[in-house]
file coords02.txt (compact mmCIF, C-alpha atoms)
# COMPACT_ATOMS: atom_id res chain seq x y z
CA MET A 712 177.74 -51.38 -1.08
CA ALA A 713 176.79 -48.81 -3.70
CA GLY A 714 175.84 -46.32 -0.97
CA SER A 715 179.32 -46.61 0.55
CA ASP A 716 180.98 -45.97 -2.80
CA GLY A 717 178.82 -42.91 -3.31
CA ALA A 718 179.77 -41.55 0.09
CA GLU A 719 183.47 -41.97 -0.68
CA ALA A 720 183.01 -40.21 -4.03
CA ASP A 721 181.21 -37.31 -2.35
CA GLU A 722 184.04 -37.01 0.17
CA ALA A 723 186.63 -36.95 -2.59
CA ASP A 724 184.69 -34.33 -4.53
CA SER A 725 184.35 -32.10 -1.46
CA GLY A 726 188.12 -31.93 -0.96
CA GLU A 727 187.81 -32.57 2.78
CA ASP A 728 190.61 -34.35 4.60
CA PRO A 729 189.21 -37.78 5.57
CA VAL A 730 191.28 -37.80 8.78
CA GLU A 731 189.87 -34.42 9.84
CA ARG A 732 186.37 -35.52 8.97
CA ALA A 733 186.78 -38.71 11.00
CA ALA A 734 188.17 -36.67 13.91
CA ALA A 735 185.18 -34.32 13.78
CA ALA A 736 182.83 -37.32 13.75
CA TRP A 737 184.50 -38.71 16.86
CA VAL A 738 184.16 -35.35 18.64
CA ALA A 739 180.43 -35.37 17.94
CA ARG A 740 179.96 -39.02 18.80
CA LEU A 741 181.79 -38.94 22.13
CA SER A 742 179.92 -35.79 23.22
CA SER A 743 176.50 -37.30 22.50
CA SER A 744 174.27 -38.57 25.30
CA ASP A 745 174.18 -42.11 23.92
CA ALA A 746 177.94 -42.66 23.51
CA THR A 747 178.88 -46.14 24.75
CA GLU A 748 181.99 -47.77 26.19
CA ALA A 749 182.30 -49.64 22.88
CA ASP A 750 182.38 -46.27 21.08
CA ARG A 751 185.15 -45.06 23.38
CA GLY A 752 187.11 -48.25 22.82
CA GLU A 753 186.84 -47.89 19.04
CA PHE A 754 187.88 -44.25 19.34
CA GLU A 755 190.99 -45.10 21.36
CA ALA A 756 191.95 -47.71 18.77
CA TRP A 757 191.48 -45.19 15.95
CA ARG A 758 193.39 -42.42 17.76
CA GLY A 759 196.28 -44.75 18.62
CA ALA A 760 196.60 -46.10 15.08
CA ASP A 761 198.32 -42.99 13.72
CA PRO A 762 199.82 -39.85 15.33
CA ALA A 763 197.94 -37.85 12.66
CA HIS A 764 194.68 -39.14 14.10
CA ALA A 765 195.52 -37.89 17.59
CA ALA A 766 196.63 -34.51 16.28
CA ALA A 767 193.51 -34.08 14.15
CA TYR A 768 191.25 -35.02 17.04
CA ALA A 769 192.95 -32.56 19.41
CA GLU A 770 192.52 -29.78 16.86
CA MET A 771 188.85 -30.60 16.16
CA ASP A 772 188.08 -30.87 19.86
CA ALA A 773 189.60 -27.45 20.53
CA LEU A 774 187.80 -25.83 17.59
CA TRP A 775 184.47 -27.40 18.56
CA ARG A 776 184.81 -26.08 22.11
CA ARG A 777 185.39 -22.58 20.74
CA LEU A 778 182.11 -22.85 18.86
CA GLY A 779 180.30 -23.92 22.00
CA GLN A 780 179.52 -27.38 20.67
CA LEU A 781 180.99 -28.88 23.83
CA PRO A 782 181.07 -27.44 27.35
CA ASP A 783 184.48 -25.96 28.09
CA PRO A 784 185.57 -25.98 31.75
CA ARG A 785 187.88 -23.03 31.16
CA PRO A 786 186.60 -19.47 31.86
CA ARG A 787 185.08 -17.81 28.77
CA LYS A 788 185.21 -14.11 27.95
CA GLY A 789 182.68 -12.99 25.40
CA PRO A 790 181.51 -14.84 22.30
CA PRO A 791 183.70 -17.37 20.51
CA LYS A 792 186.28 -15.72 18.33
CA GLY A 793 187.31 -16.60 14.83
CA SER A 794 187.04 -15.25 11.33
CA PRO A 795 183.82 -15.85 9.38
CA LYS A 796 185.83 -18.06 7.04
CA THR A 797 187.04 -20.23 9.92
CA LEU A 798 183.57 -20.47 11.45
CA ALA A 799 182.02 -21.32 8.09
CA ALA A 800 184.61 -24.05 7.53
CA LEU A 801 183.85 -25.52 10.93
CA ALA A 802 180.14 -25.45 10.18
CA LEU A 803 180.71 -27.28 6.91
CA ILE A 804 182.63 -29.99 8.72
CA GLY A 805 179.97 -30.02 11.44
CA GLY A 806 177.17 -30.45 8.94
CA ALA A 807 179.00 -33.30 7.28
CA LEU A 808 179.79 -35.07 10.54
CA VAL A 809 176.23 -34.78 11.85
CA TYR A 810 175.01 -36.38 8.63
CA GLN A 811 177.67 -39.08 8.95
CA ILE A 812 176.70 -39.94 12.53
CA GLY A 813 173.03 -39.99 11.59
CA LEU A 814 173.76 -42.21 8.62
CA LEU A 815 175.14 -44.91 10.93
CA ASP A 816 171.85 -45.04 12.84
CA ARG A 817 169.84 -45.01 9.61
CA LEU A 818 171.73 -48.05 8.35
CA ARG A 819 170.57 -49.91 11.47
CA ALA A 820 167.01 -48.56 11.35
CA ASP A 821 163.78 -49.95 9.94
CA LEU A 822 162.26 -46.45 9.74
CA TRP A 823 163.99 -43.07 9.75
CA SER A 824 163.55 -39.40 8.89
CA ASP A 825 166.05 -36.94 7.45
CA VAL A 826 167.07 -33.65 9.07
CA GLY A 827 164.24 -31.16 8.64
CA THR A 828 161.62 -33.76 7.66
CA ILE A 829 158.76 -35.41 9.57
CA GLU A 830 157.69 -38.90 8.55
CA HIS A 831 154.47 -40.79 9.32
CA ALA A 832 154.06 -44.57 9.16
CA THR A 833 151.68 -47.37 10.13
CA LEU A 834 153.22 -50.40 11.82
CA ALA A 835 152.28 -54.03 11.20
CA ASP A 836 149.81 -54.06 14.14
CA GLY A 837 148.04 -50.92 12.93
CA SER A 838 149.74 -48.59 15.42
CA GLY A 839 150.86 -45.24 14.06
CA VAL A 840 154.29 -43.67 14.47
CA ASP A 841 155.43 -40.13 13.69
CA LEU A 842 159.16 -39.54 13.35
CA ASN A 843 160.40 -36.06 14.13
CA THR A 844 163.45 -34.57 12.42
CA ASP A 845 166.58 -36.76 12.26
CA THR A 846 165.01 -39.79 13.93
CA ALA A 847 165.65 -43.52 13.51
CA ILE A 848 163.90 -46.56 15.01
CA THR A 849 164.06 -50.34 14.80
CA VAL A 850 160.87 -52.43 14.96
CA ARG A 851 160.79 -55.94 16.46
CA PHE A 852 157.34 -57.50 16.85
CA THR A 853 156.85 -60.99 18.31
CA GLU A 854 153.84 -62.97 19.52
CA ARG A 855 154.42 -61.71 23.07
CA GLU A 856 155.74 -58.19 22.69
CA ARG A 857 155.89 -55.24 20.33
CA LYS A 858 159.33 -53.69 20.78
CA ILE A 859 160.68 -50.44 19.35
CA GLU A 860 164.23 -49.13 19.76
CA LEU A 861 164.58 -45.36 19.38
CA LEU A 862 168.13 -45.03 18.07
CA ARG A 863 168.08 -41.24 17.80
CA GLY A 864 165.71 -38.29 17.72
CA GLU A 865 162.06 -38.20 18.79
CA ALA A 866 159.01 -40.27 17.94
CA SER A 867 155.32 -40.15 18.79
CA PHE A 868 153.30 -43.38 18.96
CA ASP A 869 149.54 -43.95 18.63
CA VAL A 870 149.28 -47.51 19.95
CA VAL A 871 146.53 -49.98 19.03
CA PRO A 872 145.45 -51.80 22.22
CA ASP A 873 146.55 -55.44 22.52
CA PRO A 874 146.68 -56.66 26.16
CA SER A 875 148.47 -59.85 25.11
CA ARG A 876 151.31 -57.90 23.48
CA PRO A 877 152.52 -54.84 25.40
CA PHE A 878 154.05 -52.06 23.31
CA VAL A 879 157.54 -51.21 24.60
CA VAL A 880 159.77 -48.39 23.34
CA ARG A 881 163.36 -48.03 24.55
CA GLY A 882 165.64 -45.05 23.98
CA GLY A 883 167.70 -42.44 25.79
CA GLY A 884 168.18 -44.76 28.77
CA LEU A 885 164.43 -45.14 29.33
CA SER A 886 161.89 -47.88 28.67
CA VAL A 887 158.25 -46.93 28.05
CA ARG A 888 155.64 -49.67 28.32
CA ALA A 889 152.07 -49.23 27.05
CA ILE A 890 149.08 -51.29 25.95
CA GLY A 891 146.98 -48.66 24.15
CA THR A 892 147.89 -45.01 24.34
CA ARG A 893 149.44 -42.03 22.55
CA PHE A 894 152.79 -40.81 23.80
CA PHE A 895 156.18 -39.50 22.70
CA LEU A 896 159.76 -40.36 23.58
CA ARG A 897 162.96 -38.40 22.96
CA ALA A 898 166.44 -39.95 22.95
CA ASP A 899 168.48 -36.75 22.69
CA GLY A 900 169.00 -35.90 26.35
CA ALA A 901 165.96 -33.60 26.59
CA ALA A 902 164.91 -32.54 30.11
CA SER A 903 161.40 -33.88 29.42
CA PRO A 904 161.92 -37.05 27.36
CA VAL A 905 158.45 -38.63 27.74
CA GLY A 906 154.93 -37.21 27.47
CA VAL A 907 151.49 -38.81 27.27
CA ALA A 908 148.57 -37.42 25.26
CA GLU A 909 146.14 -40.31 25.80
CA GLY A 910 146.07 -43.30 28.13
CA ARG A 911 148.89 -44.19 30.49
CA VAL A 912 152.44 -45.56 30.28
CA ASP A 913 154.95 -47.10 32.65
CA VAL A 914 158.39 -45.46 32.39
CA SER A 915 161.50 -47.02 33.89
CA GLY A 916 165.21 -46.29 33.82
CA GLU A 917 168.32 -45.96 35.97
CA ARG A 918 166.67 -43.06 37.85
CA GLY A 919 163.66 -45.09 38.90
CA ARG A 920 160.16 -45.76 37.69
CA ALA A 921 157.08 -43.63 37.09
CA VAL A 922 153.51 -44.04 35.86
CA VAL A 923 152.57 -41.23 33.48
CA SER A 924 148.98 -40.41 32.52
CA ALA A 925 147.40 -38.23 29.83
CA GLY A 926 148.42 -34.59 30.12
CA GLU A 927 151.62 -35.42 31.97
CA GLU A 928 155.29 -35.72 31.11
CA VAL A 929 158.42 -37.08 32.72
CA ARG A 930 161.05 -34.57 33.77
CA VAL A 931 164.55 -35.81 34.57
CA GLY A 932 166.00 -34.03 37.58
CA ASP A 933 167.33 -34.40 41.13
CA GLY A 934 168.28 -37.99 40.41
CA VAL A 935 164.68 -39.18 39.94
CA LEU A 936 161.95 -39.29 37.30
CA GLN A 937 159.45 -36.55 38.12
CA VAL A 938 155.92 -36.58 36.71
CA VAL A 939 154.52 -33.10 36.01
CA ALA A 940 151.52 -31.62 34.22
CA ALA A 941 152.24 -30.59 30.63
CA ASP A 942 150.65 -29.42 27.40
CA VAL A 943 151.53 -32.56 25.47
CA GLU A 944 149.45 -31.57 22.43
CA ARG A 945 151.57 -28.42 22.11
CA ASP A 946 154.77 -30.39 22.61
CA THR A 947 153.81 -32.75 19.79
CA ALA A 948 152.53 -30.09 17.38
CA TRP A 949 155.62 -30.91 15.31
CA ARG A 950 153.63 -33.86 13.94
CA ASP A 951 151.75 -31.26 11.88
CA GLY A 952 154.91 -29.31 11.08
CA ARG A 953 154.37 -26.66 13.77
CA LEU A 954 156.67 -25.61 16.62
CA ILE A 955 154.72 -23.85 19.38
CA TYR A 956 156.37 -22.05 22.30
CA ALA A 957 154.87 -20.28 25.31
CA GLY A 958 157.37 -18.29 27.35
CA LYS A 959 160.33 -20.45 26.42
CA PRO A 960 163.88 -18.97 26.61
CA LEU A 961 165.25 -17.95 23.23
CA ALA A 962 168.31 -20.14 23.79
CA ALA A 963 166.05 -23.20 24.11
CA VAL A 964 164.01 -22.17 21.05
CA LEU A 965 167.16 -21.81 18.95
CA ALA A 966 168.34 -25.21 20.13
CA GLU A 967 165.03 -26.68 18.96
CA LEU A 968 165.17 -24.89 15.60
CA ASN A 969 168.68 -26.23 15.15
CA ARG A 970 167.28 -29.77 15.16
CA TYR A 971 165.43 -29.02 11.93
CA ARG A 972 168.38 -27.76 9.88
CA ARG A 973 171.86 -28.88 8.92
CA GLY A 974 174.77 -27.00 10.42
CA ARG A 975 174.51 -24.85 13.52
CA ILE A 976 172.74 -21.84 14.97
CA LEU A 977 175.19 -20.15 17.34
CA LEU A 978 173.87 -17.81 20.04
CA LEU A 979 176.40 -15.11 20.91
CA ASP A 980 174.54 -13.24 23.67
CA ARG A 981 173.53 -15.01 26.88
CA GLU A 982 171.25 -12.18 28.02
CA LEU A 983 169.41 -12.31 24.71
CA GLY A 984 169.16 -16.07 25.05
CA ALA A 985 167.37 -15.70 28.39
CA ARG A 986 164.54 -13.63 26.88
CA ARG A 987 161.21 -15.43 26.52
CA VAL A 988 159.61 -16.43 23.24
CA THR A 989 155.91 -17.02 22.61
CA GLY A 990 154.76 -17.95 19.14
CA ALA A 991 154.35 -20.61 16.48
CA PHE A 992 156.83 -21.43 13.71
CA ASP A 993 156.94 -23.65 10.65
CA ALA A 994 159.30 -26.57 11.32
CA ARG A 995 159.98 -26.77 7.58
CA ASN A 996 161.18 -23.16 7.33
CA THR A 997 163.62 -22.35 10.10
CA ASP A 998 165.03 -19.39 8.17
CA ASP A 999 161.60 -17.75 8.33
CA ALA A 1000 161.49 -18.46 12.07
CA LEU A 1001 164.86 -16.74 12.51
CA ASP A 1002 163.60 -13.72 10.57
CA VAL A 1003 160.54 -13.49 12.84
CA ILE A 1004 162.79 -13.69 15.92
CA ALA A 1005 164.98 -10.93 14.50
CA ALA A 1006 161.95 -8.70 13.82
CA THR A 1007 160.16 -9.25 17.13
CA MET A 1008 163.11 -9.45 19.52
CA GLY A 1009 165.56 -7.09 17.88
CA ALA A 1010 168.10 -9.87 17.41
CA ARG A 1011 170.80 -9.60 14.78
CA ILE A 1012 170.95 -12.59 12.44
CA ARG A 1013 174.14 -13.19 10.43
CA ARG A 1014 174.13 -16.04 7.92
CA LEU A 1015 177.79 -16.82 7.27
CA SER A 1016 176.87 -19.86 5.18
CA PRO A 1017 173.87 -22.15 4.71
CA LEU A 1018 175.33 -24.17 7.59
CA LEU A 1019 176.21 -21.43 10.07
CA VAL A 1020 173.95 -18.72 11.51
CA LEU A 1021 175.05 -16.32 14.26
CA VAL A 1022 172.40 -14.81 16.54
CA GLY A 1023 173.29 -11.80 18.65
CA SER A 1024 172.11 -8.46 19.93
CA PRO A 1025 171.87 -5.52 17.50
CA LEU A 1026 174.98 -3.38 17.20
call {"tool": "encode", "arguments": {"input": "coords02.txt", "output": "C-alpha cells"}}
result
Amino acid sequence: MAGSDGAEADEADSGEDPVERAAAAWVARLSSSDATEADRGEFEAWRGADPAHAAAYAEMDALWRRLGQLPDPRPRKGPPKGSPKTLAALALIGGALVYQIGLLDRLRADLWSDVGTIEHATLADGSGVDLNTDTAITVRFTERERKIELLRGEASFDVVPDPSRPFVVRGGGLSVRAIGTRFFLRADGAASPVGVAEGRVDVSGERGRAVVSAGEEVRVGDGVLQVVAADVERDTAWRDGRLIYAGKPLAAVLAELNRYRRGRILLLDRELGARRVTGAFDARNTDDALDVIAATMGARIRRLSPLLVLVGSPL
C-alpha cells in the first residue's frame, strides 16, 4: 500500500482537485477502445454519488472535446480555441490522467513498460517479448497452453516452438494463436493490429478469422479481417528504438510520436496533417523528431509546456 500513499501525496503536492482529476480519468477511460460495461457501470455510480462529480465530468468532457481528444459531432470552425494557459492546464491534467489509467493496468500486469520506454524480456519457455511504449501484459503458462493478455499498448513476440503448448495472445478484441513464429499485436485500436515477421498465426475475433503469414498484417475494415502484404520489419523497428515511415500522413506520424511522450501533440492544420512523411526518427527523442518535421515540412512547432505541443502551418 506504500505506492498508493505515495500517489496520494503526489496529488496533494500538485494542488490538483481530486474530483477534477477523477473526472478527467473517466473521460479518458470511457473514450478508450477497451472500455467495458463494468467501467460504464462504475462511472455511473461515481457520477451519481455527488452532484460535484457530474458537474466536473461535464466540464472535463467539454474541454477535452475542444482539444480534439474526443470526436465532437458538432460542426467545427478552425483550430480549438483557448488561451495557452488553459491549454497547458488541460495538458497537465491529461498527462496525469493518462499515467493514472496506465497505472491501473500496470498493477494487474506481470510485465510492463513506461511511456517513452521499450522493454525486452525472456519468458519462462524461452520465448522473447518486446514491449513498446506504455504497454502491459499478463503471463499465464500451463501444461497445455501459453497464454498472454495484452492489457494495453503493443508487444512483439518471438515464440519458441512447442506443438504441445500453443502460444496465444489476446488483446484489442483479437486472439492470436501461434506455435513458433515472430509477430506483433496492438491493443490500442490501430487499423493494422497484427503483423507477422516469421512463421504463421491464426487470428480470430468478432469480425471473423484469418490466417496470417510472414510479411503480412491484418487490417480491420469493412466489417472483416483483411490480410494484406506489409513491411513488418519496418513496422517493428521500434524494438530497436527507431520509428520508420514511408509516405505516411503527418497526422498519423504525430499520433505515433504522441505514444512515446507524456501529454499531447495537437495538430492545428488538417491540410498540413495530410502531407506525407518519409524518414526515420528516434523513439526516445520525440522533441528531435518534431524539430526535424518543422525543418523539412515548414511546420510551426509551439511548445506551451512539456506536456503540450501545438503543430501548425507557418504564419
call {"tool": "atom_distance", "arguments": {"input": "coords02.txt", "atom1": "atom CA of Leu978 of chain A", "atom2": "atom CA of Val1020 of chain A"}}
result
8.6 Å
call {"tool": "residues_around", "arguments": {"input": "coords02.txt", "residues": "Gly827 of chain A", "least_positions_apart": "2", "cutoff": "9 Å", "atoms": "all atoms listed in the file", "output": "list in words"}}
result
Ser824, Asp825, Ile829, Asn843, Thr844, Asp845, Arg970, Tyr971, Arg972, Arg973, Ala994, Arg995, Asn996 and Thr997 of chain A
call {"tool": "residues_around", "arguments": {"input": "coords02.txt", "residues": "Val840 of chain A", "least_positions_apart": "3", "cutoff": "6 Å", "atoms": "all atoms listed in the file", "output": "PDB file with C-alpha atoms, in the frame of the given file"}}
result
ATOM      1  CA  HIS A 831     154.470 -40.790   9.320  1.00  0.00           C
ATOM      2  CA  ALA A 832     154.060 -44.570   9.160  1.00  0.00           C
ATOM      3  CA  SER A 867     155.320 -40.150  18.790  1.00  0.00           C
ATOM      4  CA  PHE A 868     153.300 -43.380  18.960  1.00  0.00           C
TER       5      PHE A 868
END
call {"tool": "atom_distance", "arguments": {"input": "coords02.txt", "atom1": "atom CA of Pro874 of chain A", "atom2": "atom CA of Asp836 of chain A"}}
result
12.7 Å
call {"tool": "residues_around", "arguments": {"input": "coords02.txt", "residues": "Gly916 of chain A", "least_positions_apart": "6", "cutoff": "7 Å", "atoms": "only C-alpha atoms", "output": "VMD selection string"}}
result
chain A and resid 884 to 886
call {"tool": "atom_distance", "arguments": {"input": "coords02.txt", "atom1": "atom CA of Ile1004 of chain A", "atom2": "atom CA of Arg945 of chain A"}}
result
19.5 Å
call {"tool": "residues_around", "arguments": {"input": "coords02.txt", "residues": "segment 1009-1011 of chain A", "least_positions_apart": "4", "cutoff": "7 Å", "atoms": "all atoms listed in the file", "output": "JSON, numbers by chain"}}
result
{"A": [1004, 1005, 1022, 1023, 1024, 1025]}
call {"tool": "closest_residue", "arguments": {"input": "coords02.txt", "among": "A:His764, A:Arg863, A:Arg981, A:Arg920", "to": "Ala963 of chain A", "atoms": "only C-alpha atoms"}}
result
A:Arg981
call {"tool": "closest_residue", "arguments": {"input": "coords02.txt", "among": "A:Leu741, A:Val730, A:Ala898, A:Ala962", "to": "Glu770 of chain A", "atoms": "only C-alpha atoms"}}
result
A:Val730
